[in-house]
Structure formats: C-alpha cells, structure tokens
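All remarks here apply to the structure that follows.
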Amino acid sequence: MKKTKMKILAFLLLFSSLTFSQALLNPEITAEEIQYHINYLASEELEGRMTGTQELYKAAVYIQNEFERYGLQPFFGESFLQEFPFIAGIELGDKLYLSIYSDANVSDLKVGFDYIPLSFTDNFSLAGNLVFAGYGISVSDLNYDDYAGIDVKDKIAVVFRNHPDRKNPHSQFEKYSSLRYKTTTARDKGASGIIFINDYEKDSDDLIQLRYDNASSITGLVAVNVKREFIERLFEEENKDLKNILESIDNNLTPNSFAFETAAIECNIEVKKTEKSCWNVAGLIPGNDPAFANEYLVIGAHYDHLGWGETNSLYMGDIPMIHYGADDNASGTTGLLELSEKFMSIRDQLKRNIVFAGFSGEELGLLGSSYLVNNFPVPINEVVTMINMDMIGRLNDNNDLIIYGTGTSSEWKNILNNKNLHEFNLTFNDDGFGPSDHSSFYGKQIPVLFFFTGTHSDYHKPSDTVDKINAEGQEKILRYVYDVAKNIVQSDTKPDYISVERKERGRMTTGRVWVGTMPDFAGEVDGYKLGGVTDGSPADKAGLKAGDIITSFGGKKISNIYDFTYAIGSYVPGDKVEVVILRGEEELTVEIELASR
C-alpha cells in the first residue's frame, strides 16, 4: 500500500511540475496568473476537488509546488502538508439481520432489498414489540400528538415519512418531518427503535439511500427503513387497512395510533463510518525583526469543493455533473498563491512571519481549519490575525466587496478605509464568526478579516465555472488584501482583539431562539461539540467555551448538532434552560437564559 501511495505521489509531483512550469513567472499580482491558476484548479481533471479524493490531493500538490517555486518554507516541520482524518462516508456492517414476526407470520427481511438501516442509527441487537405511531410527530403548538394514548417505552415505533399536511406548501408540520427529528422524538418518548415506511404518494416504495449526513449518530435506539408491504401484512392481521388509516389521518389531521397485538421484531443493526485522510497545505515566509519572531499572520483559503455534488449541492438535475467550484473556492486559493508569491518578493521588508494556508474539508464543516487551529505547529496565541478569502472571483460592476470580522479589532475599519485605493463599495460586518474558515481562528480569540464578493445563482452548482470569473476584478481585490496584510506585518504594534457582542434584534419575546454557539464538526463525539461561542451570547454569559460538549439540553439527550437544534426549537426567548456539558473529564451543569437573534 505504501509503495502504491509513493508511486501515486511521484506521478502527481511529476505531473504538477510539468503543469506549473508553464505558468507566467511574475511576482506581481496579475489577472493572467489569476485566470491561469483558476483554470487548473477548477478543471475537469480535478473533478470538483472533493475532500479526501485523489483529485483534491492533486490540488494540494499543485499548491505545494507553487509554494516551493516561490521559495516559501514548509510550515509542518519538513512538509508543506498536514494530514488529518475525517469521516468520509458510511457503509453497512457485517452481521445484519431483521425479522418481523407475529402469531401468524415470520418474515426474514433482506438488507438492501426489504430494509435498510439509516445512517444515524445506533448499533446494537434489539427485540421488542411494535407500536404504530402515525407520522411520529408530537407538537403541542400544533395540537397534534401521534404519541398520545400509546406507550412506546422499550418498544419500536412504526411511523410514516413526511407529515399529514404535506399537500399544504406552507404547512407548519414541515419542520417536524425530518427523519432525524422524528427519531429524536421517538427516543425522547422512550422508544428503543423506529421503523420508517413510505406513504402512498408515489407508486414506488423505494428504500432510503444510505448516505452520511456529516453528523454523529443518534444514540440509544436503532433506526431503519422497511418496505411498506411488510407493515401492511401486520395491519391486515389486526383487521386494519394501512392506506385507509393514513388517509384518515391526513384528512382530519388527527392521529390514529395503536399498539399491535402480537407484532414484534428481532434485529441486529450495524453501520460503520468510513475514515479517510485529507490535507491542509501551508507555507511560511519568516519575518526579519527579532522583536516579532513569535508573531504570525495567517492568510488562508479553502481549496476543496463538492466533487460531483455528493454533499451540499444545490443542483437539481438528474445527471451527475462535476461541481467545478471556480469561485468557491478556486478564486480564494488562487489569491493565496498570488499573495504568497508577491510577499516573497518583499520578504526582506517583513517584520512578522506570514503563514499561507490552504484548508480542505471546509465544505464538510470547516474540518481543515478546525484541525489546524487545534494542531498548530506553534502556540496558537502567537497568531495575531487571520485573513480569509472565500469566493472573491465575482466582483460586480458596482465594485461591491463584503468584509466580515471588521469589529474584531479596533484597527480594522481605519486600515480598510485608508487602503481602499480601488474605491470598492465596502460592506462591513463586525461579527468574527461566519460560514468560512476564519471562524475557526476567531474561536481562538484571534482578530479576523474575511473577504467575499457575495453569493450568486451558481453557488454550489456545476455552473460555477471559470468563464464567469472576473480576473481583473480579483486582481484589484488581491492588491487591496496585499496592502491590508502588509500593513499588519510591518506595523510596530499587533492588532488588538475585540470580542464582538451580537446585538439582539427586536423584543425578547419574539423571533428565533438564539444560544450563540458554533459547532465543531471535526471528530466524532456523543454530544454537540462547540467550536466557539459568540461573545455576549447566552452561551457566553453562562460560561460555555470552545471545546465543551453539550450532552443534555432541558433534560433532552443531545448526541449531535441536530439534536441540539431540535431541542432549542421548543423554547422561546427568555426561557431558562438547564444544560449539561462535558469539559474535558468534568461534567458541569449550567443554566442558560435564551435570547432572540
């Protein structure tokens, strides 16, 4: 295996050397070089740079070779690459079985044909009686409870997918219809398992695809999807008609739940998460002033995208297509290369160290940047600022440029305005947290800036292609970022850090509940792990910190971020909730007073 990997590496290095040698050799930031790099990074050959793939590794080697060509030093000891593990997918276990039986029949179901475990199921053997629980929804605000009048403790709930008001496009039931939400509800009601069946809206009765949804399992019960025909037989034995009962529930919005007389199951359910490796890429330009030898500016961008649209795609077509990711984020990655080349040309003028970092796994939840800040080669508090570039390739005719993190240091707005020589129409957002890799650094109390030209109709679609890049506009943006970054590395004082308190909007009794936590998607934990806490938020005021794992919220077990989201949905701003957290080996209980956004 190692020899095979080395052969692949040698081939990729040779391929990259042939590729980058054709590039324009110019330390200046130019539209020609910008277009050149984006053309390769968003090419068919790299197939959308999905995290953990050989194509992403090619992109990593390309970035590494560019850093070496410019003269940067490896940041990870003798290597430019930082390898880290992540959960890439899910597959069936080895010893699966499921039997449904009653006084009249025994059915041994075949996995993949008659039933399929769900990706978030817990793994264990189970035997128990069945209870029909309609759609598996229990919401007092809607005066609807499929669990009223039945006892599902230590039993298996049989529920339909969707919801009873599905013909209404604006139904309030919609937000309670997800499989995870229903599974969590069943667990909270005491069930040991849940069986999902399809309704009759479609002629087919296809099983749910086994697909990893980038979140931890729901612990404490098994969750499977079973072909409807097996449940129909059980209804017939009870002298009931499944389709008629479903129509009655839908027409009247009234539950019709009951416990089966003799129906039960025996099963052993197991799914296994598949782990792969991925890579951050980082190079270093050392500073020249001994007084700032322990201070670092990080300039970063993620270089992964969605591959063929396996995850997070907004493409609605039936034919699989490459998601090229020219703007998201070949543009930011190209900015990383151009800026590193430019700064190397003035390296003798730099006071502070500059780290240029390409992150992978951003599209799966900031995996690479989260791993880097927790495994930084020098103490993370030596990073004085992080500058992030994500989607900077679509500057419009109005010169609109959005910058996040402008409140995280008292110096930012003056610097940004003074260096705005290209007369950008600037929009400032003070918050240090946001939907990109700077959030991982802000969670470590580091001032951040995030440059962004805005979303567009091609976002997370195959149509995000190289022909739509405004290379001349990106050249202007990179010259601007260069001026800002140069100011930081040459200043006699490092930027101060300001915790940005998110201001509450509207009255406390209205709006969505706000807790103020940021998830950490890296690694598997039984709970909701915090990557950061918004300063001034309810979570911050209660003393929660990055690294804490929430295991219970208002008495409800929390196994993952979905559980947490569902749990807070039953509260209103102003409520006080008891929350259990793990901080290292210590279990703590705190009270959070919820607020509104």
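Chain labels run A, B, ... following the order of the structure tokens; each chain numbers its residues from 1, and ligands are numbered from 1 in the order shown.
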Margin query: Please list as a PyMOL selection string every residue within 10 Å of Ala127 (chain A), counting only C-alpha atoms and excluding residues in the same chain fewer than 2 positions away.
Written below: chain A and resi 98-100+125+129-130+154-156+192-193+264-268
Export, as a PDB file, in the first residue's frame, the selected residues with N, CA and C atoms.
ATOM      1  N   LEU A  98     -32.787  -8.698  10.276  1.00  0.00           N
ATOM      2  CA  LEU A  98     -34.032  -8.120  10.799  1.00  0.00           C
ATOM      3  C   LEU A  98     -35.175  -9.068  10.471  1.00  0.00           C
ATOM      4  N   SER A  99     -35.880  -9.486  11.494  1.00  0.00           N
ATOM      5  CA  SER A  99     -37.048 -10.357  11.328  1.00  0.00           C
ATOM      6  C   SER A  99     -38.263  -9.688  11.946  1.00  0.00           C
ATOM      7  N   ILE A 100     -39.370  -9.704  11.204  1.00  0.00           N
ATOM      8  CA  ILE A 100     -40.649  -9.221  11.714  1.00  0.00           C
ATOM      9  C   ILE A 100     -41.542 -10.439  11.917  1.00  0.00           C
ATOM     10  N   SER A 125     -28.149  -5.020  19.011  1.00  0.00           N
ATOM     11  CA  SER A 125     -29.203  -6.009  18.794  1.00  0.00           C
ATOM     12  C   SER A 125     -30.433  -5.591  19.577  1.00  0.00           C
ATOM     13  N   ASN A 129     -41.683  -5.252  20.880  1.00  0.00           N
ATOM     14  CA  ASN A 129     -42.992  -5.160  20.247  1.00  0.00           C
ATOM     15  C   ASN A 129     -43.109  -3.875  19.430  1.00  0.00           C
ATOM     16  N   LEU A 130     -44.030  -3.913  18.452  1.00  0.00           N
ATOM     17  CA  LEU A 130     -44.233  -2.781  17.562  1.00  0.00           C
ATOM     18  C   LEU A 130     -45.444  -1.954  17.986  1.00  0.00           C
ATOM     19  N   ASP A 154     -39.429   1.239  25.477  1.00  0.00           N
ATOM     20  CA  ASP A 154     -38.755  -0.029  25.180  1.00  0.00           C
ATOM     21  C   ASP A 154     -39.421  -0.785  24.039  1.00  0.00           C
ATOM     22  N   LYS A 155     -40.175  -0.070  23.218  1.00  0.00           N
ATOM     23  CA  LYS A 155     -40.808  -0.672  22.044  1.00  0.00           C
ATOM     24  C   LYS A 155     -40.283   0.000  20.777  1.00  0.00           C
ATOM     25  N   ILE A 156     -40.759  -0.489  19.633  1.00  0.00           N
ATOM     26  CA  ILE A 156     -40.313   0.034  18.346  1.00  0.00           C
ATOM     27  C   ILE A 156     -41.476   0.773  17.694  1.00  0.00           C
ATOM     28  N   SER A 192     -37.128   2.207  21.845  1.00  0.00           N
ATOM     29  CA  SER A 192     -35.802   1.613  21.643  1.00  0.00           C
ATOM     30  C   SER A 192     -35.459   1.488  20.169  1.00  0.00           C
ATOM     31  N   GLY A 193     -36.441   1.764  19.305  1.00  0.00           N
ATOM     32  CA  GLY A 193     -36.201   1.691  17.868  1.00  0.00           C
ATOM     33  C   GLY A 193     -37.293   2.412  17.114  1.00  0.00           C
ATOM     34  N   ALA A 264     -43.839  -7.994  16.443  1.00  0.00           N
ATOM     35  CA  ALA A 264     -42.577  -7.640  17.091  1.00  0.00           C
ATOM     36  C   ALA A 264     -41.448  -7.809  16.074  1.00  0.00           C
ATOM     37  N   ILE A 265     -40.269  -7.377  16.446  1.00  0.00           N
ATOM     38  CA  ILE A 265     -39.100  -7.586  15.598  1.00  0.00           C
ATOM     39  C   ILE A 265     -37.942  -8.092  16.436  1.00  0.00           C
ATOM     40  N   GLU A 266     -37.033  -8.741  15.751  1.00  0.00           N
ATOM     41  CA  GLU A 266     -35.712  -9.037  16.277  1.00  0.00           C
ATOM     42  C   GLU A 266     -34.711  -8.562  15.226  1.00  0.00           C
ATOM     43  N   CYS A 267     -33.654  -7.928  15.665  1.00  0.00           N
ATOM     44  CA  CYS A 267     -32.710  -7.408  14.673  1.00  0.00           C
ATOM     45  C   CYS A 267     -31.338  -7.198  15.291  1.00  0.00           C
ATOM     46  N   ASN A 268     -30.374  -7.139  14.428  1.00  0.00           N
ATOM     47  CA  ASN A 268     -29.058  -6.623  14.785  1.00  0.00           C
ATOM     48  C   ASN A 268     -28.704  -5.596  13.723  1.00  0.00           C
TER      49      ASN A 268
END
Write out as CSV the residues of region 373-485 of chain A that have any atom within 7 Å of an atom of region 23-41 of chain A, one row each with the nearest atom pair and its distance in Å to one decimal, counting only C-alpha atoms, sorted by chain and then rising number.
residue,atom,partner,partner_atom,distance
A:Val466,CA,A:Asn39,CA,6.1
A:Ala471,CA,A:Ala31,CA,4.9
A:Glu472,CA,A:Ala31,CA,5.1
A:Glu475,CA,A:Ala31,CA,5.5
A:Arg479,CA,A:Ile29,CA,7.0
Next item on the list: Report as a PyMOL selection string: the residues of region 2-122 of chain A with a DSSP assignment of helix (DSSP H, G or I), based on the backbone of this structure.
Entry: chain A and resi 2-20+31-41+44-46+54-70
Margin query: Using DSSP assignments from the backbone, pull out every residue in region 154-394 of chain A that falls under strand (DSSP E) and give it to me as number ranges by chain.
Written below: A: 156-160, 193-197, 222-226, 258-269, 271-285, 296-302, 353-359, 383-389
Notebook entry, point to check: Between A:Gln474, A:Ile446, A:Ser345, A:Ser370, which one has atoms that come closest to Met389 (chain A), using only C-alpha atoms?
Noted result: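 Among A:Gln474, A:Ile446, A:Ser345, A:Ser370, it is A:Gln474 that comes nearest to Met389 (chain A).
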Check: Between CA of Glu238 (chain A) and CA of Asn198 (chain A), what is the spacing in Å?
Finding: 19.7 Å
Next item on the list: Quick one: everything within 8 Å of Gln64 (chain A), counting only C-alpha atoms, minus sequence neighbours fewer than 6 positions away in the same chain. Send it as a VMD selection string.
Entry: chain A and resid 80 to 81 281 to 283
Same residues, N, CA and C atoms, saved as a PDB file, in the first residue's frame:
ATOM      1  N   PHE A  80       5.039  20.535   3.635  1.00  0.00           N
ATOM      2  CA  PHE A  80       4.015  21.543   3.394  1.00  0.00           C
ATOM      3  C   PHE A  80       2.618  20.999   3.702  1.00  0.00           C
ATOM      4  N   LEU A  81       2.499  19.679   3.846  1.00  0.00           N
ATOM      5  CA  LEU A  81       1.189  19.040   4.001  1.00  0.00           C
ATOM      6  C   LEU A  81       0.959  18.610   5.441  1.00  0.00           C
ATOM      7  N   VAL A 281      -2.533  22.484   3.447  1.00  0.00           N
ATOM      8  CA  VAL A 281      -1.265  22.840   2.806  1.00  0.00           C
ATOM      9  C   VAL A 281      -0.851  24.201   3.336  1.00  0.00           C
ATOM     10  N   ALA A 282       0.371  24.324   3.841  1.00  0.00           N
ATOM     11  CA  ALA A 282       0.781  25.613   4.388  1.00  0.00           C
ATOM     12  C   ALA A 282       2.275  25.843   4.196  1.00  0.00           C
ATOM     13  N   GLY A 283       2.597  27.086   3.809  1.00  0.00           N
ATOM     14  CA  GLY A 283       3.980  27.519   3.664  1.00  0.00           C
ATOM     15  C   GLY A 283       4.234  28.753   4.506  1.00  0.00           C
TER      16      GLY A 283
END
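Our summary of the geometry notes that CA of Pro74 (chain A) is positioned 22.3 Å from CA of Ala291 (chain A).
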Name the residues in contact with Gly532 (chain A) at a cut-off of 9 Å, using only C-alpha atoms, excluding same-chain residues fewer than 4 positions from it; report them as a short mmCIF file (atom, residue, chain, number, x, y, z; two decimals) with N, CA and C atoms, in the first residue's frame.
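Saved result, part-v8.cif, follows:
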data_model
loop_
_atom_site.label_atom_id
_atom_site.label_comp_id
_atom_site.auth_asym_id
_atom_site.auth_seq_id
_atom_site.Cartn_x
_atom_site.Cartn_y
_atom_site.Cartn_z
N PHE A 433 -17.53 35.42 13.66
CA PHE A 433 -17.99 34.11 13.21
C PHE A 433 -18.73 34.25 11.89
N SER A 439 -13.75 31.51 11.01
CA SER A 439 -14.46 31.21 12.26
C SER A 439 -13.63 30.35 13.20
N SER A 440 -12.88 29.40 12.64
CA SER A 440 -12.05 28.53 13.48
C SER A 440 -11.01 29.34 14.24
N TYR A 442 -11.27 32.73 14.88
CA TYR A 442 -11.93 33.65 15.81
C TYR A 442 -12.35 32.93 17.09
N GLY A 443 -12.67 31.64 16.96
CA GLY A 443 -12.99 30.84 18.14
C GLY A 443 -11.82 30.72 19.10
N LYS A 444 -10.60 31.00 18.62
CA LYS A 444 -9.40 31.00 19.47
C LYS A 444 -9.03 32.43 19.90
N GLY A 516 -26.04 31.11 20.64
CA GLY A 516 -24.74 31.71 20.40
C GLY A 516 -23.58 30.74 20.39
N THR A 517 -23.81 29.52 19.85
CA THR A 517 -22.74 28.53 19.78
C THR A 517 -22.36 28.28 18.32
N MET A 518 -21.12 27.88 18.13
CA MET A 518 -20.62 27.49 16.83
C MET A 518 -20.17 26.04 16.89
N PRO A 519 -20.63 25.19 15.96
CA PRO A 519 -20.28 23.77 16.05
C PRO A 519 -18.85 23.48 15.64
N ASP A 520 -18.31 22.42 16.19
CA ASP A 520 -17.03 21.86 15.77
C ASP A 520 -17.34 20.51 15.15
N LEU A 544 -20.10 28.91 28.80
CA LEU A 544 -19.69 27.88 27.86
C LEU A 544 -18.46 28.33 27.09
N LYS A 545 -17.63 27.36 26.68
CA LYS A 545 -16.37 27.66 26.00
C LYS A 545 -16.18 26.73 24.80
N ALA A 546 -15.31 27.15 23.89
CA ALA A 546 -14.92 26.27 22.78
C ALA A 546 -14.34 24.99 23.36
N GLY A 547 -14.73 23.86 22.78
CA GLY A 547 -14.28 22.55 23.27
C GLY A 547 -15.27 21.86 24.17
N ASP A 548 -16.21 22.62 24.76
CA ASP A 548 -17.26 22.00 25.58
C ASP A 548 -18.14 21.10 24.71
#
Margin query: Considering only C-alpha atoms, can you say which of A:Glu44, A:Met50, A:Pro573, A:Val489 comes closest to Phe292 (chain A)?
Written below: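 Smallest distance to Phe292 (chain A) is found for A:Val489.
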Next item on the list: Could you check how far CA of Ser216 (chain A) sits from CA of His323 (chain A), in Å to one decimal?
Entry: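 Going from CA of Ser216 (chain A) over to CA of His323 (chain A) covers 26.0 Å.
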Item checked: Test item: residues at most 12 Å from Val298 (chain A), only C-alpha atoms, excluding those fewer than 2 positions along its chain, as JSON, numbers by chain -> {"A": [75, 282, 283, 284, 285, 286, 295, 296, 300, 301, 336, 339, 340, 352, 353, 354, 355, 356, 357, 358, 359, 369, 372, 373, 376, 380, 381, 382, 383, 384, 385, 386, 387, 388, 389, 437, 438, 441, 446, 447, 448, 449, 450, 485, 488, 489]}
